[in-house]
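Source file: input.cif. Holds: mmCIF, C-alpha atoms.
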```
data_protein
#
loop_
_atom_site.label_atom_id
_atom_site.label_comp_id
_atom_site.auth_asym_id
_atom_site.auth_seq_id
_atom_site.Cartn_x
_atom_site.Cartn_y
_atom_site.Cartn_z
CA MET A 1 -9.28 -42.22 -25.45
CA SER A 2 -7.33 -41.70 -28.68
CA ASP A 3 -6.57 -38.21 -29.95
CA SER A 4 -8.73 -38.82 -33.02
CA ASN A 5 -11.82 -39.49 -30.87
CA ARG A 6 -11.40 -36.47 -28.62
CA THR A 7 -13.66 -33.46 -28.95
CA LEU A 8 -11.68 -30.53 -27.58
CA HIS A 9 -13.70 -27.63 -26.19
CA SER A 10 -13.20 -23.98 -27.11
CA GLU A 11 -15.44 -22.71 -24.32
CA PHE A 12 -16.84 -23.65 -20.93
CA ILE A 13 -20.32 -23.29 -19.45
CA ILE A 14 -20.54 -21.87 -15.92
CA VAL A 15 -23.44 -23.71 -14.32
CA GLY A 16 -23.77 -21.40 -11.30
CA LEU A 17 -26.23 -22.72 -8.70
CA PRO A 18 -28.31 -25.32 -10.56
CA GLY A 19 -30.31 -26.33 -7.47
CA LEU A 20 -31.45 -22.76 -6.92
CA GLN A 21 -32.57 -21.80 -10.42
CA GLU A 22 -36.05 -20.85 -9.25
CA HIS A 23 -34.41 -18.22 -7.00
CA TYR A 24 -32.09 -16.74 -9.62
CA ILE A 25 -33.89 -13.38 -9.78
CA ALA A 26 -33.66 -12.96 -6.00
CA LEU A 27 -30.02 -14.08 -6.08
CA PHE A 28 -29.30 -11.60 -8.88
CA ILE A 29 -30.72 -8.74 -6.80
CA PHE A 30 -28.78 -9.93 -3.73
CA PHE A 31 -25.43 -10.18 -5.52
CA LEU A 32 -26.00 -6.90 -7.38
CA ILE A 33 -26.60 -5.06 -4.09
CA LEU A 34 -23.60 -6.86 -2.60
CA PHE A 35 -21.42 -5.85 -5.55
CA LEU A 36 -22.48 -2.20 -5.38
CA ALA A 37 -21.92 -2.12 -1.61
CA ILE A 38 -18.41 -3.57 -1.99
CA ILE A 39 -17.49 -1.13 -4.76
CA MET A 40 -18.88 1.91 -2.91
CA GLY A 41 -17.39 1.02 0.48
CA ASN A 42 -13.91 0.36 -0.85
CA LEU A 43 -14.04 3.26 -3.31
CA LEU A 44 -14.85 5.65 -0.46
CA ILE A 45 -11.80 4.38 1.46
CA LEU A 46 -9.63 4.97 -1.62
CA VAL A 47 -11.02 8.49 -2.10
CA LEU A 48 -10.47 9.43 1.55
CA VAL A 49 -6.90 8.12 1.57
CA ALA A 50 -6.15 10.05 -1.62
CA LEU A 51 -7.77 13.34 -0.53
CA ASP A 52 -7.00 13.65 3.18
CA HIS A 53 -3.36 14.44 3.98
CA ARG A 54 -3.91 13.10 7.51
CA LEU A 55 -4.41 9.65 6.00
CA GLN A 56 -1.35 9.75 3.76
CA THR A 57 0.71 7.57 6.09
CA PRO A 58 2.07 4.02 5.63
CA MET A 59 -0.86 2.40 7.44
CA TYR A 60 -3.45 4.03 5.19
CA PHE A 61 -1.30 3.54 2.11
CA PHE A 62 -1.59 -0.21 2.68
CA LEU A 63 -5.30 0.18 3.48
CA GLY A 64 -5.77 1.89 0.11
CA ASN A 65 -4.03 -1.05 -1.55
CA LEU A 66 -6.38 -3.44 0.28
CA SER A 67 -9.45 -1.50 -0.87
CA LEU A 68 -8.22 -1.48 -4.48
CA LEU A 69 -7.57 -5.20 -4.23
CA ASP A 70 -11.08 -5.90 -2.92
CA ILE A 71 -12.59 -3.96 -5.82
CA LEU A 72 -10.54 -5.91 -8.36
CA LEU A 73 -11.27 -9.26 -6.71
CA THR A 74 -15.05 -8.86 -6.76
CA SER A 75 -14.98 -7.32 -10.26
CA THR A 76 -13.30 -10.51 -11.47
CA VAL A 77 -16.16 -12.70 -10.26
CA ILE A 78 -19.49 -10.92 -9.73
CA PRO A 79 -20.19 -9.38 -13.20
CA LYS A 80 -19.99 -12.81 -14.85
CA LEU A 81 -22.04 -14.31 -12.03
CA LEU A 82 -24.77 -11.70 -12.59
CA ALA A 83 -24.87 -12.60 -16.29
CA VAL A 84 -25.25 -16.29 -15.38
CA LEU A 85 -28.06 -15.55 -12.91
CA LEU A 86 -29.95 -13.58 -15.57
CA HIS A 87 -29.50 -16.48 -18.03
CA HIS A 88 -27.93 -13.83 -20.24
CA ASN A 89 -24.61 -15.54 -20.93
CA ASN A 90 -23.30 -18.52 -19.01
CA THR A 91 -20.53 -19.39 -21.47
CA ILE A 92 -16.94 -18.31 -21.14
CA SER A 93 -14.19 -18.82 -23.68
CA PHE A 94 -11.32 -21.19 -22.97
CA SER A 95 -8.83 -18.31 -22.71
CA GLY A 96 -11.30 -16.14 -20.78
CA CYS A 97 -11.75 -18.90 -18.20
CA PHE A 98 -8.04 -19.20 -17.51
CA ILE A 99 -7.59 -15.43 -17.45
CA GLN A 100 -10.36 -15.18 -14.84
CA MET A 101 -8.77 -18.06 -12.92
CA HIS A 102 -5.38 -16.36 -12.93
CA PHE A 103 -6.62 -12.99 -11.74
CA PHE A 104 -8.83 -14.53 -9.07
CA ILE A 105 -5.97 -16.62 -7.65
CA ALA A 106 -3.56 -13.68 -7.97
CA PHE A 107 -5.81 -11.24 -6.09
CA ALA A 108 -6.45 -13.80 -3.34
CA ALA A 109 -2.68 -14.36 -2.98
CA ILE A 110 -1.95 -10.63 -2.96
CA GLU A 111 -4.45 -10.15 -0.12
CA GLY A 112 -2.57 -12.65 2.05
CA PHE A 113 0.76 -10.95 1.31
CA LEU A 114 -0.75 -7.51 1.88
CA VAL A 115 -2.13 -8.52 5.28
CA ALA A 116 1.41 -9.60 6.22
CA ALA A 117 2.85 -6.27 5.01
CA MET A 118 0.30 -4.39 7.12
CA SER A 119 1.29 -6.45 10.16
CA TYR A 120 4.91 -5.39 9.66
CA ASP A 121 3.78 -1.76 9.70
CA ARG A 122 1.98 -2.31 13.04
CA TYR A 123 4.99 -4.23 14.38
CA ALA A 124 7.35 -1.36 13.55
CA ALA A 125 4.96 1.24 15.02
CA ILE A 126 4.57 -0.52 18.37
CA VAL A 127 7.70 -2.61 18.92
CA LYS A 128 10.20 -0.15 17.42
CA PRO A 129 8.51 3.27 17.54
CA LEU A 130 11.81 5.21 17.68
CA HIS A 131 12.92 3.63 14.41
CA TYR A 132 9.51 3.70 12.73
CA ASN A 133 10.28 6.52 10.28
CA THR A 134 13.42 4.68 9.20
CA LEU A 135 11.84 1.23 8.92
CA ILE A 136 8.62 2.46 7.29
CA ASN A 137 8.91 5.37 4.89
CA THR A 138 7.59 6.18 1.43
CA LYS A 139 10.38 4.32 -0.36
CA VAL A 140 9.98 1.22 1.82
CA CYS A 141 6.18 1.26 1.40
CA LEU A 142 6.46 1.44 -2.38
CA LYS A 143 8.97 -1.43 -2.41
CA MET A 144 6.78 -3.57 -0.16
CA ALA A 145 3.62 -2.85 -2.15
CA SER A 146 5.27 -3.49 -5.52
CA THR A 147 6.79 -6.74 -4.23
CA VAL A 148 3.40 -7.89 -2.93
CA TRP A 149 1.62 -7.13 -6.21
CA VAL A 150 4.34 -8.54 -8.49
CA LEU A 151 4.78 -11.72 -6.43
CA GLY A 152 1.03 -12.26 -6.16
CA PHE A 153 0.51 -11.61 -9.88
CA PHE A 154 3.25 -13.86 -11.23
CA ALA A 155 3.13 -16.78 -8.75
CA PRO A 156 -0.19 -18.21 -10.11
CA LEU A 157 1.27 -18.33 -13.62
CA LEU A 158 3.28 -21.38 -12.52
CA SER A 159 -0.02 -23.26 -12.10
CA VAL A 160 -2.43 -21.59 -14.49
CA VAL A 161 -0.24 -21.59 -17.62
CA PRO A 162 0.49 -25.37 -17.50
CA ALA A 163 -3.20 -26.02 -16.77
CA SER A 164 -4.23 -24.03 -19.85
CA THR A 165 -2.13 -26.30 -22.08
CA LEU A 166 -4.02 -29.44 -21.03
CA PRO A 167 -6.65 -30.99 -23.34
CA PHE A 168 -10.26 -30.71 -22.13
CA CYS A 169 -12.23 -33.34 -23.97
CA GLY A 170 -14.90 -34.42 -21.48
CA SER A 171 -17.68 -32.27 -20.08
CA ASN A 172 -17.33 -28.51 -20.41
CA LEU A 173 -19.74 -27.76 -17.54
CA ILE A 174 -18.08 -25.87 -14.68
CA LEU A 175 -20.11 -26.68 -11.57
CA HIS A 176 -19.25 -23.41 -9.87
CA ILE A 177 -19.87 -19.67 -10.11
CA VAL A 178 -16.29 -18.97 -11.21
CA CYS A 179 -13.49 -20.74 -13.11
CA ASP A 180 -12.24 -22.38 -9.95
CA TYR A 181 -8.92 -24.22 -10.42
CA ARG A 182 -9.96 -27.55 -8.86
CA THR A 183 -13.31 -27.57 -10.64
CA VAL A 184 -11.80 -26.82 -14.06
CA MET A 185 -8.99 -29.33 -13.59
CA SER A 186 -11.55 -32.04 -12.91
CA LEU A 187 -12.67 -31.60 -16.53
CA ALA A 188 -9.22 -32.17 -18.03
CA CYS A 189 -8.31 -35.36 -19.86
CA GLY A 190 -5.73 -37.66 -18.38
CA ASP A 191 -4.00 -37.66 -15.01
CA VAL A 192 -3.66 -34.17 -13.50
CA THR A 193 -2.40 -35.28 -10.08
CA VAL A 194 1.00 -33.64 -10.53
CA HIS A 195 -0.59 -30.32 -11.53
CA VAL A 196 -3.07 -30.36 -8.64
CA ASN A 197 -0.47 -31.32 -6.04
CA PHE A 198 1.94 -28.64 -7.22
CA THR A 199 -0.80 -26.00 -7.09
CA LEU A 200 -1.80 -27.18 -3.62
CA LEU A 201 1.81 -26.80 -2.47
CA MET A 202 1.98 -23.29 -3.91
CA ALA A 203 -1.32 -22.38 -2.26
CA MET A 204 -0.17 -23.68 1.13
CA MET A 205 3.05 -21.67 0.87
CA SER A 206 1.18 -18.48 -0.07
CA ILE A 207 -1.20 -18.96 2.88
CA TYR A 208 0.95 -20.34 5.68
CA ILE A 209 4.14 -18.32 5.19
CA PRO A 210 2.28 -14.96 5.54
CA PHE A 211 0.16 -16.45 8.35
CA LEU A 212 3.22 -17.54 10.34
CA TYR A 213 4.78 -14.12 9.79
CA VAL A 214 1.62 -12.35 10.99
CA LEU A 215 1.55 -14.65 14.02
CA TRP A 216 5.18 -13.86 14.80
CA THR A 217 4.67 -10.09 14.53
CA TYR A 218 1.67 -10.14 16.85
CA CYS A 219 3.51 -12.27 19.40
CA ARG A 220 6.19 -9.59 19.41
CA ILE A 221 3.57 -6.83 19.57
CA ILE A 222 1.76 -8.42 22.53
CA ALA A 223 5.04 -9.01 24.37
CA SER A 224 6.04 -5.39 23.79
CA VAL A 225 2.67 -3.99 24.87
CA MET A 226 2.65 -6.03 28.07
CA LYS A 227 5.91 -4.33 29.09
CA LEU A 228 4.24 -0.91 29.07
CA LYS A 229 3.77 0.44 32.57
CA THR A 230 0.30 2.01 32.41
CA VAL A 231 -3.05 0.55 31.38
CA GLU A 232 -3.76 3.63 29.29
CA SER A 233 -0.62 3.18 27.22
CA ARG A 234 -1.50 -0.48 26.69
CA LYS A 235 -4.98 0.43 25.50
CA LYS A 236 -3.55 3.00 23.11
CA ALA A 237 -1.08 0.48 21.69
CA PHE A 238 -3.73 -2.18 21.22
CA SER A 239 -6.10 0.34 19.62
CA MET A 240 -3.44 0.98 16.96
CA CYS A 241 -3.80 -2.67 15.90
CA SER A 242 -7.51 -3.27 16.46
CA SER A 243 -8.66 -2.68 12.88
CA HIS A 244 -5.86 -4.74 11.39
CA VAL A 245 -6.45 -7.57 13.88
CA ALA A 246 -10.12 -7.65 12.84
CA VAL A 247 -9.14 -7.82 9.15
CA VAL A 248 -6.58 -10.58 9.82
CA PHE A 249 -9.12 -12.55 11.85
CA LEU A 250 -11.78 -12.18 9.15
CA TYR A 251 -9.38 -13.16 6.36
CA TYR A 252 -8.06 -16.33 7.97
CA VAL A 253 -11.33 -17.45 9.55
CA SER A 254 -13.21 -17.11 6.25
CA SER A 255 -10.39 -19.00 4.49
CA ALA A 256 -10.61 -21.78 7.09
CA VAL A 257 -14.40 -21.99 6.75
CA VAL A 258 -14.09 -22.38 2.98
CA TYR A 259 -11.29 -24.95 3.28
CA ILE A 260 -13.31 -27.06 5.72
CA GLY A 261 -16.67 -26.52 4.02
CA LEU A 262 -15.43 -27.63 0.60
CA ARG A 263 -14.20 -30.91 2.08
CA VAL A 264 -17.23 -31.92 4.11
CA GLU A 265 -18.85 -34.68 2.08
CA SER A 266 -22.31 -34.18 3.61
CA ILE A 267 -22.59 -30.66 2.15
CA PRO A 268 -24.35 -30.72 -1.27
CA PRO A 269 -22.62 -29.14 -4.31
CA ASP A 270 -24.77 -26.01 -4.17
CA GLY A 271 -23.91 -25.62 -0.50
CA ARG A 272 -20.19 -25.88 -1.24
CA ILE A 273 -20.44 -23.27 -3.97
CA PHE A 274 -22.29 -20.95 -1.59
CA VAL A 275 -19.62 -21.51 1.07
CA GLY A 276 -17.03 -20.53 -1.52
CA ALA A 277 -18.98 -17.39 -2.34
CA VAL A 278 -18.77 -16.38 1.33
CA TYR A 279 -14.99 -16.19 0.98
CA TYR A 280 -15.16 -14.37 -2.35
CA PHE A 281 -17.45 -11.60 -1.11
CA LEU A 282 -17.41 -11.50 2.70
CA THR A 283 -13.97 -9.99 3.26
CA PRO A 284 -14.26 -7.32 0.51
CA LEU A 285 -17.60 -6.29 2.03
CA LEU A 286 -16.54 -6.25 5.68
CA ASN A 287 -13.02 -4.81 5.35
CA PRO A 288 -14.20 -1.21 4.72
CA ILE A 289 -16.94 -1.59 7.35
CA ILE A 290 -14.32 -2.59 9.94
CA TYR A 291 -12.26 0.52 9.20
CA TRP A 292 -15.34 2.74 9.10
CA LEU A 293 -16.44 1.53 12.54
CA ARG A 294 -13.13 1.05 14.36
CA ASN A 295 -10.85 3.74 12.95
CA GLU A 296 -11.36 7.25 14.26
CA LYS A 297 -9.23 8.89 11.54
CA ILE A 298 -11.31 7.29 8.79
CA LYS A 299 -14.53 8.42 10.47
CA ALA A 300 -13.18 11.94 10.97
CA ALA A 301 -12.08 12.15 7.32
CA ALA A 302 -15.51 10.95 6.19
CA GLN A 303 -17.15 13.61 8.32
CA ARG A 304 -14.95 16.31 6.80
CA TYR A 305 -15.43 15.33 3.17
CA PHE A 306 -18.93 13.88 3.11
CA SER A 307 -20.60 16.00 5.82
CA LEU A 308 -21.71 13.00 7.86
CA GLN A 309 -22.16 15.25 10.90
CA SER A 310 -23.43 18.71 11.47
CA PRO A 311 -21.14 21.62 10.49
CA HIS A 312 -20.57 22.43 14.19
CA SER A 313 -19.36 18.87 14.87
CA VAL A 314 -17.12 18.85 11.83
CA LYS A 315 -15.61 22.21 12.80
CA SER A 316 -14.78 20.87 16.25
CA LEU A 317 -12.64 18.13 14.71
#
```
Written as structure tokens, how would this file's structure read?
Amino acid sequence: MSDSNRTLHSEFIIVGLPGLQEHYIALFIFFLILFLAIIMGNLLILVLVALDHRLQTPMYFFLGNLSLLDILLTSTVIPKLLAVLLHHNNTISFSGCFIQMHFFIAFAAIEGFLVAAMSYDRYAAIVKPLHYNTLINTKVCLKMASTVWVLGFFAPLLSVVPASTLPFCGSNLILHIVCDYRTVMSLACGDVTVHVNFTLLMAMMSIYIPFLYVLWTYCRIIASVMKLKTVESRKKAFSMCSSHVAVVFLYYVSSAVVYIGLRVESIPPDGRIFVGAVYYFLTPLLNPIIYWLRNEKIKAAAQRYFSLQSPHSVKSL
């Protein structure tokens, strides 16, 4: 197609779930409740970590970062989705689409890096307990957190910025609930194979390098715990990792489900979009629940500050 015959778009239309339009009101209520639950659960974790001096340790510092990240991730996607479901505004500007794309990819990448940073904290606490205060202190935590956020924020620019310079002269309908990179790139004019392959390589690196590191740390942790002489000491060591193991398992299993689900040809488009939504919203919803249920210090802090037990029970803590 010649440049003179191209009609370049200044905005995109987010289609959402076209096969489920008759259920949009119910879906709006569902996603609104989901959004509020995610915000409240993660906000409570942030408040507890900030208020309770017992939680101002490296482990909970990283947990606070994870909660903040989950709030930002869902806030990037759900408000626009709610507008689409209400038929209020399903258009998004060209620049707005790529800004949403960048932040969504960045927050997803930061979560993978943050999970790896948390595994290092557990590794140092269990494998090298005598050196823990040297390996993990306030200065080290701030360096690790800043590195995670900066790396996760700037890495997607290598893919998103070149993509934003491409001409989009075909359909402007985004068959998704978010400005997903693959979906948007399918609307670009010309051959985008180089862009897509480069982005895939970057995505694999941001997923598998942290994953292999987490795997290595837990191999070392398990080997160290198995050398402990008593069953009680082993249980105590494993309990120190239980919440993080659950978060790691949830993160990588949900990622695998999305990766497989989006490539199964028999799944209809609406089904693939819904599978993608599971990844977007499942981990931010369940992460605070995992720590509420499995972490005694979080539960004790909640009881102190939010009076979740009787005054006699709280006093006994």
Non-local contacts of Leu48 of chain A (8 Å; only C-alpha atoms; under 2 positions in same chain excluded) as a list in words:
Leu44, Ile45, Leu46, Ala50, Leu51, Asp52, Leu55, Ile298, Ala301, Ala302 and Tyr305 of chain A
Evaluated on this file, the PyMOL selection byres ((chain A and resi 247) around 12) picks out some residues - which ones are they, written as a tab-separated table (two decimals) with C-alpha atoms, in the coordinates of the input?
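Output (part.tsv):
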```tsv
chain	number	residue	atom	x	y	z
A	63	LEU	CA	-5.30	0.18	3.48
A	66	LEU	CA	-6.38	-3.44	0.28
A	67	SER	CA	-9.45	-1.50	-0.87
A	111	GLU	CA	-4.45	-10.15	-0.12
A	112	GLY	CA	-2.57	-12.65	2.05
A	114	LEU	CA	-0.75	-7.51	1.88
A	115	VAL	CA	-2.13	-8.52	5.28
A	116	ALA	CA	1.41	-9.60	6.22
A	118	MET	CA	0.30	-4.39	7.12
A	119	SER	CA	1.29	-6.45	10.16
A	214	VAL	CA	1.62	-12.35	10.99
A	241	CYS	CA	-3.80	-2.67	15.90
A	242	SER	CA	-7.51	-3.27	16.46
A	243	SER	CA	-8.66	-2.68	12.88
A	244	HIS	CA	-5.86	-4.74	11.39
A	245	VAL	CA	-6.45	-7.57	13.88
A	246	ALA	CA	-10.12	-7.65	12.84
A	248	VAL	CA	-6.58	-10.58	9.82
A	249	PHE	CA	-9.12	-12.55	11.85
A	250	LEU	CA	-11.78	-12.18	9.15
A	251	TYR	CA	-9.38	-13.16	6.36
A	252	TYR	CA	-8.06	-16.33	7.97
A	253	VAL	CA	-11.33	-17.45	9.55
A	254	SER	CA	-13.21	-17.11	6.25
A	282	LEU	CA	-17.41	-11.50	2.70
A	283	THR	CA	-13.97	-9.99	3.26
A	284	PRO	CA	-14.26	-7.32	0.51
A	285	LEU	CA	-17.60	-6.29	2.03
A	286	LEU	CA	-16.54	-6.25	5.68
A	287	ASN	CA	-13.02	-4.81	5.35
A	288	PRO	CA	-14.20	-1.21	4.72
A	289	ILE	CA	-16.94	-1.59	7.35
A	290	ILE	CA	-14.32	-2.59	9.94
A	291	TYR	CA	-12.26	0.52	9.20
A	294	ARG	CA	-13.13	1.05	14.36
```
Chain and number of each residue from the PyMOL selection byres ((chain A and resi 85) around 7), as a PyMOL selection string:
chain A and resi 24-25+28+81-84+86-87
Considering only C-alpha atoms, can you say which of A:Leu228, A:Leu175, A:Met144, A:Ala188 comes closest to Pro268 of chain A?
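Smallest separation from Pro268 of chain A among the options: A:Leu175.
Residue nearest Ser93 of chain A, chosen from A:Ile13, A:Val225, A:Met204, A:Val178 and counting only C-alpha atoms: A:Ile13.
In this model, the gap between atom CA of Arg220 of chain A and atom CA of Asn137 of chain A comes to 21.0 Å.
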Kindly resolve the PyMOL selection byres ((chain A and resi 101) around 9) on the present coordinates and return the residues as a tab-separated table (two decimals) with C-alpha atoms, in the frame of the given file.
```tsv
chain	number	residue	atom	x	y	z
A	76	THR	CA	-13.30	-10.51	-11.47
A	96	GLY	CA	-11.30	-16.14	-20.78
A	97	CYS	CA	-11.75	-18.90	-18.20
A	98	PHE	CA	-8.04	-19.20	-17.51
A	99	ILE	CA	-7.59	-15.43	-17.45
A	100	GLN	CA	-10.36	-15.18	-14.84
A	102	HIS	CA	-5.38	-16.36	-12.93
A	103	PHE	CA	-6.62	-12.99	-11.74
A	104	PHE	CA	-8.83	-14.53	-9.07
A	105	ILE	CA	-5.97	-16.62	-7.65
A	106	ALA	CA	-3.56	-13.68	-7.97
A	160	VAL	CA	-2.43	-21.59	-14.49
A	178	VAL	CA	-16.29	-18.97	-11.21
A	179	CYS	CA	-13.49	-20.74	-13.11
A	180	ASP	CA	-12.24	-22.38	-9.95
A	181	TYR	CA	-8.92	-24.22	-10.42
```
Name the closest residue to Lys227 of chain A among the candidates A:Ile78, A:Val148, A:Met205, A:Val127; distances are taken between atoms, counting all atoms listed in the file.
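Closest candidate: A:Val127.
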Where atoms are missing, can you supply all heavy atoms for segment 213-222 of chain A and output the lot as a JSON list (two decimals), in the frame of the given file?
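Just written: result.json:
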```json
[["chain", "number", "residue", "atom", "x", "y", "z"],
["A", 213, "TYR", "N", 4.15, -15.43, 9.58],
["A", 213, "TYR", "CA", 4.78, -14.12, 9.79],
["A", 213, "TYR", "C", 3.87, -13.20, 10.59],
["A", 213, "TYR", "O", 4.32, -12.51, 11.52],
["A", 213, "TYR", "CB", 5.14, -13.48, 8.46],
["A", 213, "TYR", "CG", 5.79, -12.13, 8.62],
["A", 213, "TYR", "CD1", 7.12, -12.04, 9.02],
["A", 213, "TYR", "CD2", 5.08, -10.95, 8.42],
["A", 213, "TYR", "CE1", 7.73, -10.81, 9.20],
["A", 213, "TYR", "CE2", 5.68, -9.72, 8.60],
["A", 213, "TYR", "CZ", 7.00, -9.66, 8.99],
["A", 213, "TYR", "OH", 7.59, -8.44, 9.19],
["A", 214, "VAL", "N", 2.58, -13.17, 10.24],
["A", 214, "VAL", "CA", 1.62, -12.35, 10.99],
["A", 214, "VAL", "C", 1.57, -12.79, 12.44],
["A", 214, "VAL", "O", 1.54, -11.97, 13.37],
["A", 214, "VAL", "CB", 0.22, -12.43, 10.34],
["A", 214, "VAL", "CG1", -0.83, -11.78, 11.24],
["A", 214, "VAL", "CG2", 0.22, -11.77, 8.98],
["A", 215, "LEU", "N", 1.57, -14.11, 12.67],
["A", 215, "LEU", "CA", 1.55, -14.65, 14.02],
["A", 215, "LEU", "C", 2.78, -14.21, 14.80],
["A", 215, "LEU", "O", 2.69, -13.82, 15.97],
["A", 215, "LEU", "CB", 1.46, -16.18, 13.96],
["A", 215, "LEU", "CG", 1.06, -16.93, 15.23],
["A", 215, "LEU", "CD1", -0.33, -16.52, 15.68],
["A", 215, "LEU", "CD2", 1.13, -18.43, 14.99],
["A", 216, "TRP", "N", 3.94, -14.27, 14.15],
["A", 216, "TRP", "CA", 5.18, -13.86, 14.80],
["A", 216, "TRP", "C", 5.16, -12.37, 15.17],
["A", 216, "TRP", "O", 5.54, -11.99, 16.29],
["A", 216, "TRP", "CB", 6.37, -14.14, 13.88],
["A", 216, "TRP", "CG", 7.68, -13.64, 14.45],
["A", 216, "TRP", "CD1", 8.46, -14.25, 15.37],
["A", 216, "TRP", "CD2", 8.34, -12.43, 14.10],
["A", 216, "TRP", "NE1", 9.58, -13.49, 15.64],
["A", 216, "TRP", "CE2", 9.54, -12.36, 14.87],
["A", 216, "TRP", "CE3", 8.05, -11.38, 13.21],
["A", 216, "TRP", "CZ2", 10.42, -11.30, 14.77],
["A", 216, "TRP", "CZ3", 8.94, -10.32, 13.12],
["A", 216, "TRP", "CH2", 10.11, -10.28, 13.88],
["A", 217, "THR", "N", 4.70, -11.52, 14.25],
["A", 217, "THR", "CA", 4.67, -10.09, 14.53],
["A", 217, "THR", "C", 3.75, -9.77, 15.69],
["A", 217, "THR", "O", 4.08, -8.94, 16.55],
["A", 217, "THR", "CB", 4.22, -9.28, 13.29],
["A", 217, "THR", "OG1", 2.92, -9.72, 12.87],
["A", 217, "THR", "CG2", 5.21, -9.43, 12.16],
["A", 218, "TYR", "N", 2.60, -10.45, 15.77],
["A", 218, "TYR", "CA", 1.67, -10.14, 16.85],
["A", 218, "TYR", "C", 2.13, -10.73, 18.18],
["A", 218, "TYR", "O", 1.79, -10.19, 19.25],
["A", 218, "TYR", "CB", 0.25, -10.56, 16.49],
["A", 218, "TYR", "CG", -0.45, -9.45, 15.74],
["A", 218, "TYR", "CD1", -0.52, -9.45, 14.36],
["A", 218, "TYR", "CD2", -0.97, -8.36, 16.42],
["A", 218, "TYR", "CE1", -1.10, -8.41, 13.66],
["A", 218, "TYR", "CE2", -1.56, -7.31, 15.75],
["A", 218, "TYR", "CZ", -1.62, -7.33, 14.37],
["A", 218, "TYR", "OH", -2.19, -6.28, 13.70],
["A", 219, "CYS", "N", 2.89, -11.79, 18.15],
["A", 219, "CYS", "CA", 3.51, -12.27, 19.40],
["A", 219, "CYS", "C", 4.49, -11.22, 19.92],
["A", 219, "CYS", "O", 4.52, -10.94, 21.13],
["A", 219, "CYS", "CB", 4.23, -13.60, 19.16],
["A", 219, "CYS", "SG", 3.12, -15.01, 18.96],
["A", 220, "ARG", "N", 5.26, -10.64, 19.02],
["A", 220, "ARG", "CA", 6.19, -9.59, 19.41],
["A", 220, "ARG", "C", 5.46, -8.34, 19.88],
["A", 220, "ARG", "O", 5.87, -7.69, 20.85],
["A", 220, "ARG", "CB", 7.11, -9.24, 18.23],
["A", 220, "ARG", "CG", 8.07, -10.35, 17.82],
["A", 220, "ARG", "CD", 9.14, -10.58, 18.88],
["A", 220, "ARG", "NE", 9.89, -9.39, 19.21],
["A", 220, "ARG", "CZ", 10.96, -8.94, 18.56],
["A", 220, "ARG", "NH1", 11.40, -9.64, 17.50],
["A", 220, "ARG", "NH2", 11.58, -7.84, 18.92],
["A", 221, "ILE", "N", 4.36, -8.01, 19.19],
["A", 221, "ILE", "CA", 3.57, -6.83, 19.57],
["A", 221, "ILE", "C", 2.98, -7.01, 20.97],
["A", 221, "ILE", "O", 3.06, -6.11, 21.82],
["A", 221, "ILE", "CB", 2.46, -6.57, 18.54],
["A", 221, "ILE", "CG1", 3.06, -6.04, 17.24],
["A", 221, "ILE", "CG2", 1.42, -5.60, 19.09],
["A", 221, "ILE", "CD1", 2.07, -5.93, 16.10],
["A", 222, "ILE", "N", 2.38, -8.17, 21.22],
["A", 222, "ILE", "CA", 1.76, -8.42, 22.53],
["A", 222, "ILE", "C", 2.82, -8.39, 23.63],
["A", 222, "ILE", "O", 2.61, -7.79, 24.70],
["A", 222, "ILE", "CB", 1.02, -9.78, 22.52],
["A", 222, "ILE", "CG1", -0.19, -9.71, 21.60],
["A", 222, "ILE", "CG2", 0.59, -10.17, 23.94],
["A", 222, "ILE", "CD1", -0.86, -11.04, 21.35]]
```
